[in-house]
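Participant: What follows is model17.txt; its format and atoms are compact mmCIF, N, CA and C atoms.
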# COMPACT_ATOMS: atom_id res chain seq x y z
N MET A 1 -5.22 -5.71 27.30
CA MET A 1 -4.80 -6.78 26.41
C MET A 1 -6.02 -7.61 25.96
N GLY A 2 -6.90 -7.89 26.92
CA GLY A 2 -8.08 -8.69 26.60
C GLY A 2 -8.97 -8.04 25.57
N LEU A 3 -9.11 -6.70 25.64
CA LEU A 3 -9.93 -5.99 24.66
C LEU A 3 -9.32 -6.06 23.26
N GLN A 4 -8.01 -5.93 23.17
CA GLN A 4 -7.33 -6.03 21.87
C GLN A 4 -7.50 -7.43 21.29
N ILE A 5 -7.34 -8.44 22.11
CA ILE A 5 -7.49 -9.82 21.64
C ILE A 5 -8.92 -10.10 21.22
N GLY A 6 -9.89 -9.59 21.99
CA GLY A 6 -11.30 -9.76 21.62
C GLY A 6 -11.61 -9.13 20.28
N ARG A 7 -11.09 -7.92 20.04
CA ARG A 7 -11.31 -7.25 18.75
C ARG A 7 -10.70 -8.05 17.61
N LEU A 8 -9.48 -8.55 17.80
CA LEU A 8 -8.83 -9.35 16.76
C LEU A 8 -9.62 -10.63 16.46
N MET A 9 -10.09 -11.29 17.52
CA MET A 9 -10.87 -12.53 17.33
C MET A 9 -12.16 -12.25 16.56
N ARG A 10 -12.85 -11.16 16.89
CA ARG A 10 -14.10 -10.82 16.17
C ARG A 10 -13.83 -10.56 14.70
N GLU A 11 -12.76 -9.84 14.41
CA GLU A 11 -12.44 -9.52 13.01
C GLU A 11 -12.04 -10.78 12.25
N ILE A 12 -11.29 -11.65 12.88
CA ILE A 12 -10.91 -12.93 12.25
C ILE A 12 -12.15 -13.76 11.97
N LYS A 13 -13.07 -13.85 12.94
CA LYS A 13 -14.31 -14.61 12.75
C LYS A 13 -15.17 -14.02 11.64
N ARG A 14 -15.15 -12.70 11.49
CA ARG A 14 -15.91 -12.07 10.41
C ARG A 14 -15.37 -12.51 9.06
N LEU A 15 -14.05 -12.60 8.94
CA LEU A 15 -13.44 -13.00 7.68
C LEU A 15 -13.48 -14.51 7.46
N ASN A 16 -13.45 -15.27 8.53
CA ASN A 16 -13.49 -16.73 8.42
C ASN A 16 -14.36 -17.28 9.55
N PRO A 17 -15.67 -17.47 9.29
CA PRO A 17 -16.59 -17.92 10.34
C PRO A 17 -16.22 -19.28 10.94
N ASN A 18 -15.43 -20.09 10.24
CA ASN A 18 -15.06 -21.41 10.76
C ASN A 18 -13.79 -21.39 11.61
N GLU A 19 -13.18 -20.23 11.77
CA GLU A 19 -11.95 -20.12 12.58
C GLU A 19 -12.28 -20.44 14.04
N THR A 20 -11.41 -21.19 14.70
CA THR A 20 -11.60 -21.49 16.11
C THR A 20 -10.38 -21.01 16.89
N PHE A 21 -10.59 -20.74 18.17
CA PHE A 21 -9.53 -20.24 19.03
C PHE A 21 -9.46 -21.08 20.30
N LEU A 22 -8.27 -21.31 20.78
CA LEU A 22 -8.08 -21.92 22.09
C LEU A 22 -7.86 -20.79 23.08
N GLU A 23 -8.84 -20.57 23.94
CA GLU A 23 -8.73 -19.48 24.90
C GLU A 23 -8.17 -20.01 26.21
N PRO A 24 -7.28 -19.25 26.82
CA PRO A 24 -6.65 -19.72 28.05
C PRO A 24 -7.65 -19.81 29.21
N ALA A 25 -7.43 -20.77 30.08
CA ALA A 25 -8.27 -20.90 31.28
C ALA A 25 -8.08 -19.67 32.15
N GLY A 26 -9.15 -19.18 32.72
CA GLY A 26 -9.07 -18.02 33.59
C GLY A 26 -9.02 -16.70 32.85
N GLY A 27 -8.97 -16.72 31.52
CA GLY A 27 -9.04 -15.50 30.73
C GLY A 27 -7.77 -14.67 30.69
N SER A 28 -6.63 -15.24 31.06
CA SER A 28 -5.39 -14.45 30.98
C SER A 28 -4.86 -14.49 29.55
N TYR A 29 -4.41 -13.36 29.07
CA TYR A 29 -3.94 -13.26 27.70
C TYR A 29 -2.51 -12.73 27.69
N SER A 30 -1.78 -13.07 26.63
CA SER A 30 -0.38 -12.66 26.54
C SER A 30 -0.14 -11.81 25.30
N VAL A 31 0.98 -11.13 25.31
CA VAL A 31 1.42 -10.36 24.15
C VAL A 31 1.62 -11.30 22.97
N GLN A 32 2.14 -12.50 23.23
CA GLN A 32 2.36 -13.47 22.17
C GLN A 32 1.04 -13.89 21.52
N ALA A 33 0.00 -14.07 22.33
CA ALA A 33 -1.31 -14.44 21.78
C ALA A 33 -1.84 -13.30 20.91
N ARG A 34 -1.72 -12.07 21.39
CA ARG A 34 -2.17 -10.92 20.60
C ARG A 34 -1.42 -10.83 19.28
N ASP A 35 -0.10 -10.97 19.34
CA ASP A 35 0.71 -10.88 18.13
C ASP A 35 0.38 -11.99 17.14
N SER A 36 0.12 -13.18 17.65
CA SER A 36 -0.25 -14.31 16.79
C SER A 36 -1.59 -14.04 16.10
N LEU A 37 -2.56 -13.52 16.84
CA LEU A 37 -3.86 -13.19 16.25
C LEU A 37 -3.73 -12.06 15.23
N GLN A 38 -2.89 -11.09 15.50
CA GLN A 38 -2.67 -9.99 14.56
C GLN A 38 -2.09 -10.53 13.25
N ARG A 39 -1.13 -11.46 13.34
CA ARG A 39 -0.55 -12.05 12.12
C ARG A 39 -1.61 -12.83 11.35
N ARG A 40 -2.47 -13.58 12.05
CA ARG A 40 -3.53 -14.33 11.38
C ARG A 40 -4.51 -13.39 10.68
N LEU A 41 -4.88 -12.30 11.34
CA LEU A 41 -5.78 -11.32 10.73
C LEU A 41 -5.17 -10.73 9.47
N GLU A 42 -3.91 -10.36 9.53
CA GLU A 42 -3.23 -9.79 8.36
C GLU A 42 -3.17 -10.80 7.22
N GLU A 43 -2.97 -12.07 7.56
CA GLU A 43 -2.96 -13.13 6.54
C GLU A 43 -4.32 -13.23 5.86
N LEU A 44 -5.39 -13.22 6.65
CA LEU A 44 -6.74 -13.29 6.07
C LEU A 44 -7.05 -12.06 5.23
N GLN A 45 -6.63 -10.90 5.66
CA GLN A 45 -6.95 -9.66 4.95
C GLN A 45 -6.24 -9.57 3.61
N ARG A 46 -5.06 -10.12 3.48
CA ARG A 46 -4.34 -10.01 2.21
C ARG A 46 -4.58 -11.20 1.28
N THR A 47 -5.15 -12.26 1.79
CA THR A 47 -5.29 -13.48 1.02
C THR A 47 -6.51 -13.51 0.11
N TYR A 48 -7.62 -12.94 0.53
CA TYR A 48 -8.88 -13.19 -0.15
C TYR A 48 -9.34 -12.07 -1.06
N LEU A 49 -9.92 -12.47 -2.16
CA LEU A 49 -10.63 -11.56 -3.05
C LEU A 49 -12.08 -11.55 -2.62
N ILE A 50 -12.79 -10.51 -2.97
CA ILE A 50 -14.21 -10.40 -2.62
C ILE A 50 -15.05 -10.61 -3.87
N ASP A 51 -16.04 -11.49 -3.80
CA ASP A 51 -17.00 -11.69 -4.89
C ASP A 51 -17.92 -10.47 -4.90
N ARG A 52 -17.83 -9.66 -5.95
CA ARG A 52 -18.62 -8.42 -6.02
C ARG A 52 -20.12 -8.67 -6.01
N ARG A 53 -20.56 -9.83 -6.48
CA ARG A 53 -22.00 -10.08 -6.55
C ARG A 53 -22.60 -10.45 -5.21
N THR A 54 -21.82 -11.11 -4.35
CA THR A 54 -22.37 -11.55 -3.06
C THR A 54 -21.75 -10.82 -1.87
N GLY A 55 -20.56 -10.24 -2.06
CA GLY A 55 -19.86 -9.59 -0.96
C GLY A 55 -19.04 -10.54 -0.11
N TRP A 56 -19.03 -11.83 -0.47
CA TRP A 56 -18.29 -12.83 0.32
C TRP A 56 -16.83 -12.91 -0.14
N PRO A 57 -15.89 -13.07 0.81
CA PRO A 57 -14.51 -13.35 0.43
C PRO A 57 -14.41 -14.71 -0.25
N VAL A 58 -13.55 -14.81 -1.27
CA VAL A 58 -13.37 -16.06 -2.00
C VAL A 58 -12.21 -16.84 -1.38
N GLN A 59 -12.49 -18.08 -1.02
CA GLN A 59 -11.49 -18.95 -0.40
C GLN A 59 -10.70 -19.72 -1.45
N ARG A 60 -11.41 -20.27 -2.45
CA ARG A 60 -10.78 -21.06 -3.51
C ARG A 60 -11.56 -20.88 -4.79
N PHE A 61 -10.88 -21.19 -5.91
CA PHE A 61 -11.52 -21.24 -7.22
C PHE A 61 -11.59 -22.69 -7.63
N ILE A 62 -12.77 -23.14 -8.06
CA ILE A 62 -13.00 -24.53 -8.46
C ILE A 62 -13.33 -24.52 -9.94
N GLY A 63 -12.60 -25.29 -10.75
CA GLY A 63 -12.85 -25.33 -12.19
C GLY A 63 -13.20 -26.73 -12.66
N ASP A 64 -13.84 -26.81 -13.83
CA ASP A 64 -14.13 -28.11 -14.44
C ASP A 64 -13.44 -28.18 -15.80
N SER A 65 -13.54 -29.32 -16.45
CA SER A 65 -12.86 -29.53 -17.73
C SER A 65 -13.45 -28.68 -18.85
N GLY A 66 -14.66 -28.13 -18.65
CA GLY A 66 -15.29 -27.27 -19.65
C GLY A 66 -14.88 -25.81 -19.52
N GLY A 67 -14.02 -25.50 -18.56
CA GLY A 67 -13.57 -24.13 -18.38
C GLY A 67 -14.45 -23.30 -17.46
N ASN A 68 -15.46 -23.90 -16.86
CA ASN A 68 -16.30 -23.18 -15.90
C ASN A 68 -15.53 -23.00 -14.60
N ILE A 69 -15.66 -21.83 -13.99
CA ILE A 69 -15.00 -21.54 -12.73
C ILE A 69 -16.06 -21.17 -11.70
N MET A 70 -15.95 -21.78 -10.52
CA MET A 70 -16.83 -21.44 -9.40
C MET A 70 -15.98 -20.88 -8.28
N PHE A 71 -16.61 -20.09 -7.43
CA PHE A 71 -15.96 -19.60 -6.22
C PHE A 71 -16.41 -20.46 -5.06
N GLU A 72 -15.48 -20.74 -4.16
CA GLU A 72 -15.83 -21.33 -2.88
C GLU A 72 -15.69 -20.21 -1.85
N PRO A 73 -16.78 -19.85 -1.16
CA PRO A 73 -16.71 -18.74 -0.23
C PRO A 73 -15.91 -19.10 1.02
N LEU A 74 -15.36 -18.08 1.65
CA LEU A 74 -14.59 -18.28 2.86
C LEU A 74 -15.43 -18.99 3.90
N GLY A 75 -14.91 -20.08 4.44
CA GLY A 75 -15.63 -20.86 5.43
C GLY A 75 -16.56 -21.90 4.82
N GLY A 76 -16.70 -21.88 3.49
CA GLY A 76 -17.58 -22.84 2.81
C GLY A 76 -16.83 -24.10 2.40
N ARG A 77 -17.46 -24.87 1.54
CA ARG A 77 -16.84 -26.12 1.07
C ARG A 77 -17.38 -26.47 -0.31
N THR A 78 -16.75 -27.45 -0.95
CA THR A 78 -17.17 -27.93 -2.27
C THR A 78 -17.62 -29.37 -2.13
N VAL A 79 -18.76 -29.70 -2.74
CA VAL A 79 -19.34 -31.04 -2.62
C VAL A 79 -19.87 -31.49 -3.97
N PRO A 80 -19.99 -32.81 -4.18
CA PRO A 80 -20.65 -33.28 -5.39
C PRO A 80 -22.15 -32.99 -5.30
N GLY A 81 -22.76 -32.73 -6.45
CA GLY A 81 -24.20 -32.51 -6.49
C GLY A 81 -24.94 -33.83 -6.52
N PRO A 82 -26.27 -33.78 -6.57
CA PRO A 82 -27.06 -35.01 -6.55
C PRO A 82 -26.93 -35.85 -7.83
N LYS A 83 -26.62 -35.20 -8.97
CA LYS A 83 -26.46 -35.94 -10.23
C LYS A 83 -24.98 -36.12 -10.53
N LEU A 84 -24.65 -37.19 -11.22
CA LEU A 84 -23.27 -37.48 -11.61
C LEU A 84 -22.70 -36.29 -12.38
N GLY A 85 -21.55 -35.77 -11.96
CA GLY A 85 -20.90 -34.67 -12.63
C GLY A 85 -21.23 -33.30 -12.07
N ASP A 86 -22.30 -33.19 -11.29
CA ASP A 86 -22.66 -31.91 -10.68
C ASP A 86 -21.65 -31.56 -9.59
N THR A 87 -21.33 -30.30 -9.48
CA THR A 87 -20.46 -29.82 -8.40
C THR A 87 -21.09 -28.57 -7.82
N HIS A 88 -21.10 -28.49 -6.49
CA HIS A 88 -21.67 -27.34 -5.80
C HIS A 88 -20.64 -26.79 -4.83
N THR A 89 -20.56 -25.46 -4.73
CA THR A 89 -19.85 -24.85 -3.62
C THR A 89 -20.91 -24.31 -2.67
N LEU A 90 -20.61 -24.37 -1.39
CA LEU A 90 -21.60 -24.03 -0.37
C LEU A 90 -21.12 -22.89 0.52
N TYR A 91 -22.09 -22.09 0.98
CA TYR A 91 -21.83 -21.10 2.01
C TYR A 91 -21.49 -21.85 3.31
N PRO A 92 -20.95 -21.17 4.31
CA PRO A 92 -20.68 -21.84 5.58
C PRO A 92 -21.93 -22.46 6.22
N ASN A 93 -23.12 -21.92 5.95
CA ASN A 93 -24.35 -22.48 6.54
C ASN A 93 -24.89 -23.67 5.73
N GLY A 94 -24.21 -24.06 4.64
CA GLY A 94 -24.62 -25.22 3.85
C GLY A 94 -25.51 -24.92 2.66
N SER A 95 -25.94 -23.67 2.48
CA SER A 95 -26.76 -23.36 1.31
C SER A 95 -25.86 -23.21 0.08
N ASN A 96 -26.43 -23.41 -1.11
CA ASN A 96 -25.66 -23.35 -2.36
C ASN A 96 -25.09 -21.96 -2.60
N TYR A 97 -23.83 -21.93 -3.05
CA TYR A 97 -23.18 -20.69 -3.47
C TYR A 97 -23.12 -20.69 -4.99
N HIS A 98 -22.37 -21.61 -5.57
CA HIS A 98 -22.33 -21.82 -7.03
C HIS A 98 -22.62 -23.28 -7.33
N ARG A 99 -23.14 -23.49 -8.54
CA ARG A 99 -23.41 -24.86 -9.01
C ARG A 99 -22.93 -24.99 -10.45
N ILE A 100 -22.34 -26.12 -10.76
CA ILE A 100 -22.08 -26.50 -12.15
C ILE A 100 -22.92 -27.75 -12.40
N ASN A 101 -23.81 -27.65 -13.40
CA ASN A 101 -24.71 -28.75 -13.74
C ASN A 101 -24.48 -29.13 -15.20
N PRO A 102 -23.53 -30.05 -15.49
CA PRO A 102 -23.21 -30.38 -16.88
C PRO A 102 -24.36 -31.06 -17.63
N ARG A 103 -25.37 -31.58 -16.92
CA ARG A 103 -26.53 -32.19 -17.57
C ARG A 103 -27.79 -31.37 -17.33
N GLY A 104 -27.62 -30.17 -16.79
CA GLY A 104 -28.78 -29.36 -16.46
C GLY A 104 -29.47 -29.88 -15.21
N HIS A 105 -30.58 -29.25 -14.84
CA HIS A 105 -31.37 -29.75 -13.72
C HIS A 105 -32.77 -29.17 -13.82
N GLY A 106 -33.72 -29.84 -13.20
CA GLY A 106 -35.11 -29.39 -13.26
C GLY A 106 -35.60 -29.34 -14.70
N SER A 107 -36.33 -28.29 -15.04
CA SER A 107 -36.86 -28.15 -16.39
C SER A 107 -35.80 -27.64 -17.37
N ARG A 108 -34.68 -27.17 -16.88
CA ARG A 108 -33.61 -26.64 -17.72
C ARG A 108 -32.58 -27.73 -17.97
N LYS A 109 -32.68 -28.41 -19.09
CA LYS A 109 -31.85 -29.59 -19.38
C LYS A 109 -30.51 -29.26 -20.03
N THR A 110 -30.26 -27.99 -20.37
CA THR A 110 -28.99 -27.63 -20.99
C THR A 110 -27.91 -27.47 -19.91
N PRO A 111 -26.66 -27.83 -20.25
CA PRO A 111 -25.58 -27.65 -19.28
C PRO A 111 -25.44 -26.18 -18.91
N HIS A 112 -25.23 -25.91 -17.63
CA HIS A 112 -25.05 -24.53 -17.21
C HIS A 112 -24.44 -24.47 -15.80
N ALA A 113 -24.02 -23.29 -15.45
CA ALA A 113 -23.54 -23.01 -14.10
C ALA A 113 -24.24 -21.74 -13.63
N HIS A 114 -24.44 -21.62 -12.33
CA HIS A 114 -25.06 -20.41 -11.80
C HIS A 114 -24.75 -20.28 -10.32
N GLY A 115 -25.01 -19.07 -9.80
CA GLY A 115 -24.75 -18.77 -8.39
C GLY A 115 -26.05 -18.48 -7.65
N HIS A 116 -25.96 -18.55 -6.34
CA HIS A 116 -27.11 -18.30 -5.47
C HIS A 116 -26.76 -17.29 -4.40
N LEU A 117 -27.75 -16.53 -3.96
CA LEU A 117 -27.59 -15.71 -2.77
C LEU A 117 -27.70 -16.62 -1.55
N GLU A 118 -27.11 -16.20 -0.45
CA GLU A 118 -27.12 -17.04 0.74
C GLU A 118 -28.55 -17.29 1.21
N GLY A 119 -28.83 -18.51 1.57
CA GLY A 119 -30.14 -18.88 2.05
C GLY A 119 -30.04 -19.90 3.15
N THR A 120 -31.17 -20.46 3.52
CA THR A 120 -31.18 -21.50 4.54
C THR A 120 -31.56 -22.85 3.94
N GLY A 121 -31.71 -22.89 2.61
CA GLY A 121 -32.08 -24.12 1.94
C GLY A 121 -31.82 -24.03 0.46
N PRO A 122 -32.20 -25.06 -0.31
CA PRO A 122 -31.86 -25.12 -1.72
C PRO A 122 -32.75 -24.28 -2.63
N ASN A 123 -33.81 -23.68 -2.17
CA ASN A 123 -34.77 -23.02 -3.06
C ASN A 123 -34.58 -21.52 -3.18
N ARG A 124 -33.33 -21.05 -3.14
CA ARG A 124 -33.05 -19.62 -3.34
C ARG A 124 -32.99 -19.32 -4.82
N LYS A 125 -33.38 -18.12 -5.21
CA LYS A 125 -33.33 -17.72 -6.61
C LYS A 125 -31.87 -17.55 -7.06
N PRO A 126 -31.52 -18.02 -8.28
CA PRO A 126 -30.16 -17.85 -8.78
C PRO A 126 -29.84 -16.37 -9.04
N LEU A 127 -28.55 -16.04 -9.04
CA LEU A 127 -28.12 -14.68 -9.36
C LEU A 127 -28.31 -14.38 -10.84
N ASP A 128 -28.15 -15.36 -11.73
CA ASP A 128 -28.28 -15.15 -13.18
C ASP A 128 -29.58 -15.70 -13.69
Would you mind writing the structure in this file as structure tokens?
Facilitator:
Amino acid sequence: MGLQIGRLMREIKRLNPNETFLEPAGGSYSVQARDSLQRRLEELQRTYLIDRRTGWPVQRFIGDSGGNIMFEPLGGRTVPGPKLGDTHTLYPNGSNYHRINPRGHGSRKTPHAHGHLEGTGPNRKPLD
């Protein structure tokens, strides 16, 4: 039973790195716990689309009034950018996933949106 539960937990964590589990004291596991984890895994497997460019499951779609659509990756979050109107979606590790910059940024002053490969900081090269 423990091996089955361990496999289910690993697969759930792969699909949602922010998932947490309450493990029983002493390591005893039940059929009910296994069945509950199996249902959660099936829910995750049927719920998410995969972003073909990054390989990450998509958790939510974030849109703006200009019709731009960003993906929020599974386990990530959406935050305001440093400039008024900017919106960023982040990987679970906090690096940028997609950005909408209605006033541009850096030397590129035209409004645009773009995506990033996963990194450990803000200086990753955009996908486009």
Participant: Work out how far atom CA of A:Pro92 is from atom N of A:Arg77, in Å to one decimal.
Facilitator: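 Computed distance, atom N of A:Arg77 to atom CA of A:Pro92, equals 6.0 Å.
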Participant: Using only N, CA and C atoms, which protein or nucleic acid residues come within 8 Å of stretch 54-65 of chain A? Drop anything in the same chain fewer than 4 positions from it, and give the result as a compact mmCIF listing (two decimals) with N, CA and C atoms, in the frame of the given file.
Facilitator:
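After the write, result.txt holds the following:
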# COMPACT_ATOMS: atom_id res chain seq x y z
N LEU A 15 -14.05 -12.60 8.94
CA LEU A 15 -13.44 -13.00 7.68
C LEU A 15 -13.48 -14.51 7.46
N THR A 47 -5.15 -12.26 1.79
CA THR A 47 -5.29 -13.48 1.02
C THR A 47 -6.51 -13.51 0.11
N TYR A 48 -7.62 -12.94 0.53
CA TYR A 48 -8.88 -13.19 -0.15
C TYR A 48 -9.34 -12.07 -1.06
N LEU A 49 -9.92 -12.47 -2.16
CA LEU A 49 -10.63 -11.56 -3.05
C LEU A 49 -12.08 -11.55 -2.62
N ILE A 50 -12.79 -10.51 -2.97
CA ILE A 50 -14.21 -10.40 -2.62
C ILE A 50 -15.05 -10.61 -3.87
N ILE A 69 -15.66 -21.83 -13.99
CA ILE A 69 -15.00 -21.54 -12.73
C ILE A 69 -16.06 -21.17 -11.70
N MET A 70 -15.95 -21.78 -10.52
CA MET A 70 -16.83 -21.44 -9.40
C MET A 70 -15.98 -20.88 -8.28
N PHE A 71 -16.61 -20.09 -7.43
CA PHE A 71 -15.96 -19.60 -6.22
C PHE A 71 -16.41 -20.46 -5.06
N GLU A 72 -15.48 -20.74 -4.16
CA GLU A 72 -15.83 -21.33 -2.88
C GLU A 72 -15.69 -20.21 -1.85
N PRO A 73 -16.78 -19.85 -1.16
CA PRO A 73 -16.71 -18.74 -0.23
C PRO A 73 -15.91 -19.10 1.02
N LEU A 74 -15.36 -18.08 1.65
CA LEU A 74 -14.59 -18.28 2.86
C LEU A 74 -15.43 -18.99 3.90
N GLY A 75 -14.91 -20.08 4.44
CA GLY A 75 -15.63 -20.86 5.43
C GLY A 75 -16.56 -21.90 4.82
N GLY A 76 -16.70 -21.88 3.49
CA GLY A 76 -17.58 -22.84 2.81
C GLY A 76 -16.83 -24.10 2.40
N HIS A 116 -25.96 -18.55 -6.34
CA HIS A 116 -27.11 -18.30 -5.47
C HIS A 116 -26.76 -17.29 -4.40
N LEU A 117 -27.75 -16.53 -3.96
CA LEU A 117 -27.59 -15.71 -2.77
C LEU A 117 -27.70 -16.62 -1.55
N GLU A 118 -27.11 -16.20 -0.45
CA GLU A 118 -27.12 -17.04 0.74
C GLU A 118 -28.55 -17.29 1.21
Participant: Between atom CA of A:Leu90 and atom CA of A:Gly6, measure the distance and give it in Å to one decimal.
Facilitator: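 According to the coordinates, atom CA of A:Leu90 and atom CA of A:Gly6 are separated by 28.2 Å.
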Participant: For atom CA of A:Gly115 and atom CA of A:Asn96, quote the distance in Å rounded to one decimal.
Facilitator: 7.6 Å
Participant: Do a neighbour search on stretch 29-33 of chain A at 6.5 Å with all atoms listed in the file, toss out local chain neighbours closer than 3 positions, and write the hits as a list of chain:residue names.
Facilitator: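 My list of contacting residues is A:Met1, A:Gly2, A:Ser36, A:Leu37, A:Gln38.
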Participant: Any idea what's packed within 7 Å of stretch 98-105 of chain A, counting only C-alpha atoms, ignoring anything in its chain fewer than 3 positions away? Could you give it as a ChimeraX atom specification?
Facilitator: /A:70-71,85-89,108-116
Participant: Report as lines of an AutoDock Vina configuration file the centre and the edge lengths, in Å to one decimal, of the axis-aligned box holding every listed atom of stretch 99-108 of chain A, padded by 6 Å on each side.
Facilitator:
center_x = -29.5
center_y = -27.8
center_z = -13.3
size_x = 26.8
size_y = 20.7
size_z = 21.4
Participant: Which residue gives the smallest distance to A:Pro17 among A:Thr120, A:Thr78, A:Ser107, A:Leu44, with only C-alpha atoms counted?
Facilitator: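 Ranked by minimum distance to A:Pro17, first place goes to A:Leu44.
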Participant: Just list as a list in words whatever in stretch 32-113 of chain A DSSP marks as helix (DSSP H, G or I).
Facilitator: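 DSSP-assigned helix (DSSP H, G or I) residues in stretch 32-113 of chain A: Gln32, Ala33, Arg34, Asp35, Ser36, Leu37, Gln38, Arg39, Arg40, Leu41, Glu42, Glu43, Leu44, Gln45, Arg46 and Thr47 of chain A.
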